[in-house]
Amino acid sequence: MGFFTKDTSVATPPAPPALGPLSRDRITAALDSRDMRYGIDDDGDVGGYWDGHLFYFFLMGQDDEYLQVRGRWNRRVGVDQLPALLTIVNEWNASHLWPKGYVRAEDDVVGVYAEHTVDYERGVADEQVDLQLACGISTGLQLFEHLDEAYPEQAAAAKAEQEQD
């Protein structure tokens, strides 16, 4: 074969792994494989705490084909901080792929959420479920750490409360 001659023989690639439907059992199996602690609520939703922040793993869509990892920042910040938190989270959304963050007033505090959603309408491999759970948790925690830098007193208070429990 010459230096500029292209080899046009085609090797048969290995068959891809079979893709199965997304399910709660596949989510819990991925969490179990990492020895992660979680629970299942009365609605059948899987959730757990990572660094003191509550994360849920929702199945959404007509056929439960969407996997959504949703975490809530566990800090008590008054509603007077809503505009400042909106600015921080909007800047995060503009400069990061994941997670999508959003802010909302919840009675006398501001709730800040991180969401990572993936469509598995055509099926999913176990490795993909594991990857998306890890991505949703780790990037959610990155957003929450970023917020902790802006609100160190609230972060310290929440961590002290966790240590007492």
# chains A, B, ... in the order shown; residues from 1 in each chain; ligands from 1
call {"tool": "closest_atom_pairs", "arguments": {"of": "segment 69-163 of chain A", "to": "segment 33-39 of chain A", "cutoff": "12 Å", "atoms": "only C-alpha atoms", "output": "Markdown table"}}
result
| residue | atom | partner | partner_atom | distance |
| --- | --- | --- | --- | --- |
| A:Asp126 | CA | A:Ser33 | CA | 10.6 |
| A:Glu127 | CA | A:Ser33 | CA | 11.0 |
| A:Val129 | CA | A:Ser33 | CA | 11.5 |
| A:Asp130 | CA | A:Ser33 | CA | 8.8 |
| A:Leu131 | CA | A:Arg34 | CA | 11.4 |
| A:Leu133 | CA | A:Arg34 | CA | 10.8 |
| A:Ala134 | CA | A:Arg34 | CA | 9.8 |
| A:Ile137 | CA | A:Met36 | CA | 11.6 |
call {"tool": "residues_around", "arguments": {"residues": "segment 62-77 of chain A", "least_positions_apart": "5", "cutoff": "6 Å", "atoms": "only C-alpha atoms", "output": "PyMOL selection string"}}
result
chain A and resi 53-57+109-110+112-121+136+144+154
call {"tool": "closest_residue", "arguments": {"among": "A:Lys159, A:His146, A:Arg122, A:Arg24", "to": "Glu91 of chain A", "atoms": "only C-alpha atoms"}}
result
A:His146
call {"tool": "closest_residue", "arguments": {"among": "A:Asp32, A:Glu145, A:Asp25, A:Glu153", "to": "Gly52 of chain A", "atoms": "only C-alpha atoms"}}
result
A:Glu145
call {"tool": "atom_distance", "arguments": {"atom1": "atom CA of Asn90 of chain A", "atom2": "atom CA of Met60 of chain A"}}
result
24.8 Å
call {"tool": "atom_distance", "arguments": {"atom1": "atom CA of Trp92 of chain A", "atom2": "atom CA of Arg104 of chain A"}}
result
15.7 Å
call {"tool": "select_by_dssp", "arguments": {"residues": "segment 40-137 of chain A", "states": "strand (DSSP E or B)", "output": "number ranges by chain"}}
result
A: 40, 46-50, 53-60, 66-72, 78, 100-106, 109-119, 124
call {"tool": "residues_around", "arguments": {"residues": "segment 16-18 of chain A", "least_positions_apart": "2", "cutoff": "10 Å", "atoms": "only C-alpha atoms", "output": "compact mmCIF listing (two decimals) with C-alpha atoms, in the first residue's frame"}}
result
# COMPACT_ATOMS: atom_id res chain seq x y z
CA PRO A 13 -17.72 -3.43 14.18
CA PRO A 14 -18.89 -5.27 17.26
CA GLY A 20 -33.53 -1.47 27.29
CA GLY A 123 -33.67 2.84 25.12
CA VAL A 124 -30.63 3.11 27.34
CA ALA A 125 -27.58 1.06 28.30
CA ASP A 126 -26.76 0.49 31.97
call {"tool": "atom_distance", "arguments": {"atom1": "atom CA of Asp107 of chain A", "atom2": "atom CA of Gln81 of chain A"}}
result
13.0 Å
call {"tool": "select_by_dssp", "arguments": {"residues": "segment 33-148 of chain A", "states": "alpha helix (DSSP H)", "output": "mmCIF file with N, CA, C and O atoms, in the first residue's frame"}}
result
data_model
loop_
_atom_site.group_PDB
_atom_site.id
_atom_site.type_symbol
_atom_site.label_atom_id
_atom_site.label_comp_id
_atom_site.auth_asym_id
_atom_site.auth_seq_id
_atom_site.Cartn_x
_atom_site.Cartn_y
_atom_site.Cartn_z
ATOM 1 N N SER A 33 -24.723 -0.264 42.493
ATOM 2 C CA SER A 33 -23.399 -0.637 41.997
ATOM 3 C C SER A 33 -22.315 0.303 42.519
ATOM 4 O O SER A 33 -21.143 -0.060 42.563
ATOM 5 N N LEU A 82 -33.635 36.777 46.642
ATOM 6 C CA LEU A 82 -34.088 36.211 45.368
ATOM 7 C C LEU A 82 -33.422 36.878 44.162
ATOM 8 O O LEU A 82 -32.881 36.174 43.301
ATOM 9 N N PRO A 83 -33.391 38.216 44.062
ATOM 10 C CA PRO A 83 -32.745 38.818 42.884
ATOM 11 C C PRO A 83 -31.260 38.465 42.774
ATOM 12 O O PRO A 83 -30.769 38.194 41.667
ATOM 13 N N ALA A 84 -30.546 38.456 43.881
ATOM 14 C CA ALA A 84 -29.119 38.133 43.845
ATOM 15 C C ALA A 84 -28.905 36.682 43.411
ATOM 16 O O ALA A 84 -28.012 36.388 42.597
ATOM 17 N N LEU A 85 -29.719 35.763 43.942
ATOM 18 C CA LEU A 85 -29.586 34.359 43.555
ATOM 19 C C LEU A 85 -29.971 34.136 42.098
ATOM 20 O O LEU A 85 -29.351 33.323 41.406
ATOM 21 N N LEU A 86 -30.970 34.858 41.628
ATOM 22 C CA LEU A 86 -31.326 34.775 40.201
ATOM 23 C C LEU A 86 -30.141 35.160 39.323
ATOM 24 O O LEU A 86 -29.853 34.495 38.324
ATOM 25 N N THR A 87 -29.449 36.209 39.699
ATOM 26 C CA THR A 87 -28.290 36.656 38.924
ATOM 27 C C THR A 87 -27.192 35.601 38.919
ATOM 28 O O THR A 87 -26.638 35.260 37.870
ATOM 29 N N ILE A 88 -26.890 35.047 40.087
ATOM 30 C CA ILE A 88 -25.836 34.027 40.186
ATOM 31 C C ILE A 88 -26.193 32.799 39.361
ATOM 32 O O ILE A 88 -25.369 32.276 38.599
ATOM 33 N N VAL A 89 -27.420 32.317 39.498
ATOM 34 C CA VAL A 89 -27.827 31.105 38.783
ATOM 35 C C VAL A 89 -27.919 31.358 37.281
ATOM 36 O O VAL A 89 -27.521 30.503 36.478
ATOM 37 N N ASN A 90 -28.394 32.531 36.867
ATOM 38 C CA ASN A 90 -28.441 32.840 35.437
ATOM 39 C C ASN A 90 -27.039 32.905 34.843
ATOM 40 O O ASN A 90 -26.810 32.446 33.716
ATOM 41 N N GLU A 91 -26.091 33.458 35.583
ATOM 42 C CA GLU A 91 -24.703 33.480 35.110
ATOM 43 C C GLU A 91 -24.157 32.061 35.001
ATOM 44 O O GLU A 91 -23.430 31.732 34.066
ATOM 45 N N TRP A 92 -24.495 31.212 35.962
ATOM 46 C CA TRP A 92 -24.097 29.802 35.897
ATOM 47 C C TRP A 92 -24.660 29.156 34.625
ATOM 48 O O TRP A 92 -23.946 28.488 33.878
ATOM 49 N N ASN A 93 -25.955 29.336 34.385
ATOM 50 C CA ASN A 93 -26.595 28.728 33.221
ATOM 51 C C ASN A 93 -25.956 29.191 31.916
ATOM 52 O O ASN A 93 -25.865 28.420 30.957
ATOM 53 N N ALA A 94 -25.513 30.439 31.876
ATOM 54 C CA ALA A 94 -24.909 30.976 30.655
ATOM 55 C C ALA A 94 -23.498 30.440 30.413
ATOM 56 O O ALA A 94 -23.025 30.453 29.273
ATOM 57 N N SER A 95 -22.837 29.960 31.458
ATOM 58 C CA SER A 95 -21.439 29.554 31.304
ATOM 59 C C SER A 95 -21.191 28.054 31.521
ATOM 60 O O SER A 95 -20.053 27.611 31.397
ATOM 61 N N ASP A 126 -27.014 0.314 30.541
ATOM 62 C CA ASP A 126 -26.756 0.490 31.972
ATOM 63 C C ASP A 126 -25.665 1.530 32.216
ATOM 64 O O ASP A 126 -25.747 2.320 33.157
ATOM 65 N N GLU A 127 -24.651 1.535 31.355
ATOM 66 C CA GLU A 127 -23.559 2.495 31.505
ATOM 67 C C GLU A 127 -24.048 3.929 31.345
ATOM 68 O O GLU A 127 -23.544 4.838 31.993
ATOM 69 N N GLN A 128 -25.044 4.141 30.485
ATOM 70 C CA GLN A 128 -25.601 5.475 30.304
ATOM 71 C C GLN A 128 -26.382 5.921 31.537
ATOM 72 O O GLN A 128 -26.302 7.085 31.932
ATOM 73 N N VAL A 129 -27.145 5.022 32.120
ATOM 74 C CA VAL A 129 -27.889 5.365 33.341
ATOM 75 C C VAL A 129 -26.901 5.796 34.414
ATOM 76 O O VAL A 129 -27.049 6.849 35.043
ATOM 77 N N ASP A 130 -25.848 4.992 34.610
ATOM 78 C CA ASP A 130 -24.828 5.305 35.608
ATOM 79 C C ASP A 130 -24.175 6.651 35.315
ATOM 80 O O ASP A 130 -24.015 7.483 36.213
ATOM 81 N N LEU A 131 -23.822 6.883 34.065
ATOM 82 C CA LEU A 131 -23.165 8.132 33.674
ATOM 83 C C LEU A 131 -24.051 9.338 33.953
ATOM 84 O O LEU A 131 -23.597 10.351 34.495
ATOM 85 N N GLN A 132 -25.326 9.267 33.613
ATOM 86 C CA GLN A 132 -26.211 10.417 33.799
ATOM 87 C C GLN A 132 -26.524 10.670 35.259
ATOM 88 O O GLN A 132 -26.660 11.818 35.680
ATOM 89 N N LEU A 133 -26.641 9.617 36.060
ATOM 90 C CA LEU A 133 -26.830 9.829 37.495
ATOM 91 C C LEU A 133 -25.601 10.523 38.075
ATOM 92 O O LEU A 133 -25.719 11.501 38.827
ATOM 93 N N ALA A 134 -24.421 10.029 37.729
ATOM 94 C CA ALA A 134 -23.181 10.636 38.231
ATOM 95 C C ALA A 134 -23.033 12.069 37.750
ATOM 96 O O ALA A 134 -22.643 12.959 38.522
ATOM 97 N N CYS A 135 -23.367 12.317 36.496
ATOM 98 C CA CYS A 135 -23.283 13.671 35.943
ATOM 99 C C CYS A 135 -24.251 14.609 36.653
ATOM 100 O O CYS A 135 -23.888 15.720 37.037
ATOM 101 N N GLY A 136 -25.489 14.173 36.837
ATOM 102 C CA GLY A 136 -26.486 15.016 37.493
ATOM 103 C C GLY A 136 -26.112 15.354 38.921
ATOM 104 O O GLY A 136 -26.251 16.499 39.361
ATOM 105 N N ILE A 137 -25.606 14.369 39.659
ATOM 106 C CA ILE A 137 -25.217 14.618 41.054
ATOM 107 C C ILE A 137 -23.973 15.507 41.109
ATOM 108 O O ILE A 137 -23.955 16.518 41.818
ATOM 109 N N SER A 138 -22.934 15.146 40.360
ATOM 110 C CA SER A 138 -21.665 15.883 40.477
ATOM 111 C C SER A 138 -21.787 17.316 39.978
ATOM 112 O O SER A 138 -21.254 18.233 40.611
ATOM 113 N N THR A 139 -22.493 17.541 38.884
ATOM 114 C CA THR A 139 -22.618 18.923 38.399
ATOM 115 C C THR A 139 -23.574 19.723 39.276
ATOM 116 O O THR A 139 -23.381 20.921 39.463
ATOM 117 N N GLY A 140 -24.603 19.063 39.829
ATOM 118 C CA GLY A 140 -25.473 19.742 40.789
ATOM 119 C C GLY A 140 -24.680 20.195 42.002
ATOM 120 O O GLY A 140 -24.831 21.331 42.475
ATOM 121 N N LEU A 141 -23.812 19.327 42.506
ATOM 122 C CA LEU A 141 -22.979 19.695 43.652
ATOM 123 C C LEU A 141 -22.013 20.829 43.309
ATOM 124 O O LEU A 141 -21.717 21.676 44.160
ATOM 125 N N GLN A 142 -21.544 20.881 42.066
ATOM 126 C CA GLN A 142 -20.684 21.990 41.651
ATOM 127 C C GLN A 142 -21.443 23.309 41.704
ATOM 128 O O GLN A 142 -20.908 24.325 42.171
ATOM 129 N N LEU A 143 -22.686 23.314 41.236
ATOM 130 C CA LEU A 143 -23.505 24.528 41.329
ATOM 131 C C LEU A 143 -23.707 24.907 42.789
ATOM 132 O O LEU A 143 -23.560 26.079 43.161
ATOM 133 N N PHE A 144 -24.017 23.939 43.638
ATOM 134 C CA PHE A 144 -24.264 24.232 45.044
ATOM 135 C C PHE A 144 -23.006 24.744 45.745
ATOM 136 O O PHE A 144 -23.083 25.642 46.586
ATOM 137 N N GLU A 145 -21.841 24.217 45.391
ATOM 138 C CA GLU A 145 -20.587 24.732 45.953
ATOM 139 C C GLU A 145 -20.354 26.179 45.516
ATOM 140 O O GLU A 145 -19.880 27.009 46.302
ATOM 141 N N HIS A 146 -20.694 26.468 44.263
ATOM 142 C CA HIS A 146 -20.581 27.836 43.753
ATOM 143 C C HIS A 146 -21.477 28.786 44.562
ATOM 144 O O HIS A 146 -21.052 29.889 44.926
ATOM 145 N N LEU A 147 -22.682 28.345 44.866
ATOM 146 C CA LEU A 147 -23.594 29.161 45.666
ATOM 147 C C LEU A 147 -23.085 29.308 47.100
ATOM 148 O O LEU A 147 -23.234 30.372 47.708
ATOM 149 N N ASP A 148 -22.488 28.243 47.637
ATOM 150 C CA ASP A 148 -21.929 28.310 48.992
ATOM 151 C C ASP A 148 -20.845 29.379 49.101
ATOM 152 O O ASP A 148 -20.698 30.017 50.151
#
call {"tool": "decode", "arguments": {"residues": "segment 57-80 of chain A", "atoms": "N, CA, C and O atoms", "output": "PDB file, in the first residue's frame"}}
result
ATOM      1  N   PHE A  57     -34.371  11.246  41.538  1.00  0.00           N
ATOM      2  CA  PHE A  57     -34.160  10.680  40.208  1.00  0.00           C
ATOM      3  C   PHE A  57     -35.534  10.333  39.661  1.00  0.00           C
ATOM      4  O   PHE A  57     -36.110   9.300  40.022  1.00  0.00           O
ATOM      5  N   PHE A  58     -36.060  11.213  38.824  1.00  0.00           N
ATOM      6  CA  PHE A  58     -37.428  11.084  38.335  1.00  0.00           C
ATOM      7  C   PHE A  58     -37.473  10.412  36.968  1.00  0.00           C
ATOM      8  O   PHE A  58     -36.631  10.663  36.112  1.00  0.00           O
ATOM      9  N   LEU A  59     -38.511   9.598  36.780  1.00  0.00           N
ATOM     10  CA  LEU A  59     -38.877   9.092  35.464  1.00  0.00           C
ATOM     11  C   LEU A  59     -40.014   9.971  34.990  1.00  0.00           C
ATOM     12  O   LEU A  59     -41.019  10.129  35.696  1.00  0.00           O
ATOM     13  N   MET A  60     -39.867  10.551  33.818  1.00  0.00           N
ATOM     14  CA  MET A  60     -40.870  11.484  33.316  1.00  0.00           C
ATOM     15  C   MET A  60     -41.227  11.113  31.880  1.00  0.00           C
ATOM     16  O   MET A  60     -40.538  10.327  31.250  1.00  0.00           O
ATOM     17  N   GLY A  61     -42.279  11.725  31.379  1.00  0.00           N
ATOM     18  CA  GLY A  61     -42.730  11.472  30.016  1.00  0.00           C
ATOM     19  C   GLY A  61     -43.835  10.439  29.995  1.00  0.00           C
ATOM     20  O   GLY A  61     -44.076   9.714  30.979  1.00  0.00           O
ATOM     21  N   GLN A  62     -44.495  10.351  28.851  1.00  0.00           N
ATOM     22  CA  GLN A  62     -45.637   9.444  28.696  1.00  0.00           C
ATOM     23  C   GLN A  62     -45.249   7.994  28.979  1.00  0.00           C
ATOM     24  O   GLN A  62     -46.015   7.232  29.551  1.00  0.00           O
ATOM     25  N   ASP A  63     -44.031   7.611  28.586  1.00  0.00           N
ATOM     26  CA  ASP A  63     -43.576   6.233  28.779  1.00  0.00           C
ATOM     27  C   ASP A  63     -42.387   6.141  29.730  1.00  0.00           C
ATOM     28  O   ASP A  63     -41.589   5.207  29.639  1.00  0.00           O
ATOM     29  N   ASP A  64     -42.255   7.124  30.621  1.00  0.00           N
ATOM     30  CA  ASP A  64     -41.122   7.165  31.557  1.00  0.00           C
ATOM     31  C   ASP A  64     -39.785   7.120  30.824  1.00  0.00           C
ATOM     32  O   ASP A  64     -38.822   6.512  31.296  1.00  0.00           O
ATOM     33  N   GLU A  65     -39.717   7.795  29.688  1.00  0.00           N
ATOM     34  CA  GLU A  65     -38.507   7.748  28.866  1.00  0.00           C
ATOM     35  C   GLU A  65     -37.488   8.825  29.218  1.00  0.00           C
ATOM     36  O   GLU A  65     -36.358   8.804  28.730  1.00  0.00           O
ATOM     37  N   TYR A  66     -37.868   9.781  30.054  1.00  0.00           N
ATOM     38  CA  TYR A  66     -36.944  10.843  30.464  1.00  0.00           C
ATOM     39  C   TYR A  66     -36.413  10.552  31.852  1.00  0.00           C
ATOM     40  O   TYR A  66     -37.175  10.232  32.765  1.00  0.00           O
ATOM     41  N   LEU A  67     -35.111  10.677  32.001  1.00  0.00           N
ATOM     42  CA  LEU A  67     -34.470  10.581  33.307  1.00  0.00           C
ATOM     43  C   LEU A  67     -34.116  11.994  33.737  1.00  0.00           C
ATOM     44  O   LEU A  67     -33.412  12.703  33.012  1.00  0.00           O
ATOM     45  N   GLN A  68     -34.619  12.398  34.890  1.00  0.00           N
ATOM     46  CA  GLN A  68     -34.279  13.711  35.414  1.00  0.00           C
ATOM     47  C   GLN A  68     -33.652  13.554  36.795  1.00  0.00           C
ATOM     48  O   GLN A  68     -34.225  12.923  37.682  1.00  0.00           O
ATOM     49  N   VAL A  69     -32.460  14.128  36.930  1.00  0.00           N
ATOM     50  CA  VAL A  69     -31.796  14.208  38.224  1.00  0.00           C
ATOM     51  C   VAL A  69     -32.036  15.627  38.715  1.00  0.00           C
ATOM     52  O   VAL A  69     -31.655  16.594  38.057  1.00  0.00           O
ATOM     53  N   ARG A  70     -32.702  15.754  39.872  1.00  0.00           N
ATOM     54  CA  ARG A  70     -33.026  17.079  40.413  1.00  0.00           C
ATOM     55  C   ARG A  70     -32.526  17.165  41.853  1.00  0.00           C
ATOM     56  O   ARG A  70     -32.883  16.342  42.691  1.00  0.00           O
ATOM     57  N   GLY A  71     -31.697  18.170  42.103  1.00  0.00           N
ATOM     58  CA  GLY A  71     -31.188  18.403  43.443  1.00  0.00           C
ATOM     59  C   GLY A  71     -31.648  19.749  43.969  1.00  0.00           C
ATOM     60  O   GLY A  71     -31.878  20.673  43.189  1.00  0.00           O
ATOM     61  N   ARG A  72     -31.773  19.848  45.286  1.00  0.00           N
ATOM     62  CA  ARG A  72     -32.148  21.113  45.924  1.00  0.00           C
ATOM     63  C   ARG A  72     -31.039  21.542  46.867  1.00  0.00           C
ATOM     64  O   ARG A  72     -30.580  20.774  47.709  1.00  0.00           O
ATOM     65  N   TRP A  73     -30.597  22.792  46.703  1.00  0.00           N
ATOM     66  CA  TRP A  73     -29.575  23.398  47.555  1.00  0.00           C
ATOM     67  C   TRP A  73     -30.121  23.477  48.974  1.00  0.00           C
ATOM     68  O   TRP A  73     -31.196  24.054  49.206  1.00  0.00           O
ATOM     69  N   ASN A  74     -29.410  22.921  49.919  1.00  0.00           N
ATOM     70  CA  ASN A  74     -29.880  22.834  51.293  1.00  0.00           C
ATOM     71  C   ASN A  74     -29.351  24.007  52.124  1.00  0.00           C
ATOM     72  O   ASN A  74     -28.562  23.820  53.041  1.00  0.00           O
ATOM     73  N   ARG A  75     -29.770  25.189  51.790  1.00  0.00           N
ATOM     74  CA  ARG A  75     -29.372  26.381  52.543  1.00  0.00           C
ATOM     75  C   ARG A  75     -30.606  27.230  52.760  1.00  0.00           C
ATOM     76  O   ARG A  75     -31.485  27.315  51.903  1.00  0.00           O
ATOM     77  N   ARG A  76     -30.661  27.879  53.920  1.00  0.00           N
ATOM     78  CA  ARG A  76     -31.780  28.784  54.227  1.00  0.00           C
ATOM     79  C   ARG A  76     -31.357  30.206  53.893  1.00  0.00           C
ATOM     80  O   ARG A  76     -30.569  30.804  54.624  1.00  0.00           O
ATOM     81  N   VAL A  77     -31.881  30.698  52.785  1.00  0.00           N
ATOM     82  CA  VAL A  77     -31.598  32.053  52.331  1.00  0.00           C
ATOM     83  C   VAL A  77     -32.941  32.756  52.183  1.00  0.00           C
ATOM     84  O   VAL A  77     -33.847  32.231  51.523  1.00  0.00           O
ATOM     85  N   GLY A  78     -33.070  33.921  52.804  1.00  0.00           N
ATOM     86  CA  GLY A  78     -34.336  34.655  52.784  1.00  0.00           C
ATOM     87  C   GLY A  78     -34.742  35.115  51.402  1.00  0.00           C
ATOM     88  O   GLY A  78     -33.898  35.303  50.514  1.00  0.00           O
ATOM     89  N   VAL A  79     -36.052  35.333  51.228  1.00  0.00           N
ATOM     90  CA  VAL A  79     -36.569  35.751  49.921  1.00  0.00           C
ATOM     91  C   VAL A  79     -36.037  37.117  49.500  1.00  0.00           C
ATOM     92  O   VAL A  79     -36.085  37.440  48.316  1.00  0.00           O
ATOM     93  N   ASP A  80     -35.498  37.892  50.436  1.00  0.00           N
ATOM     94  CA  ASP A  80     -34.894  39.166  50.050  1.00  0.00           C
ATOM     95  C   ASP A  80     -33.675  38.951  49.155  1.00  0.00           C
ATOM     96  O   ASP A  80     -33.246  39.862  48.444  1.00  0.00           O
TER      97      ASP A  80
END
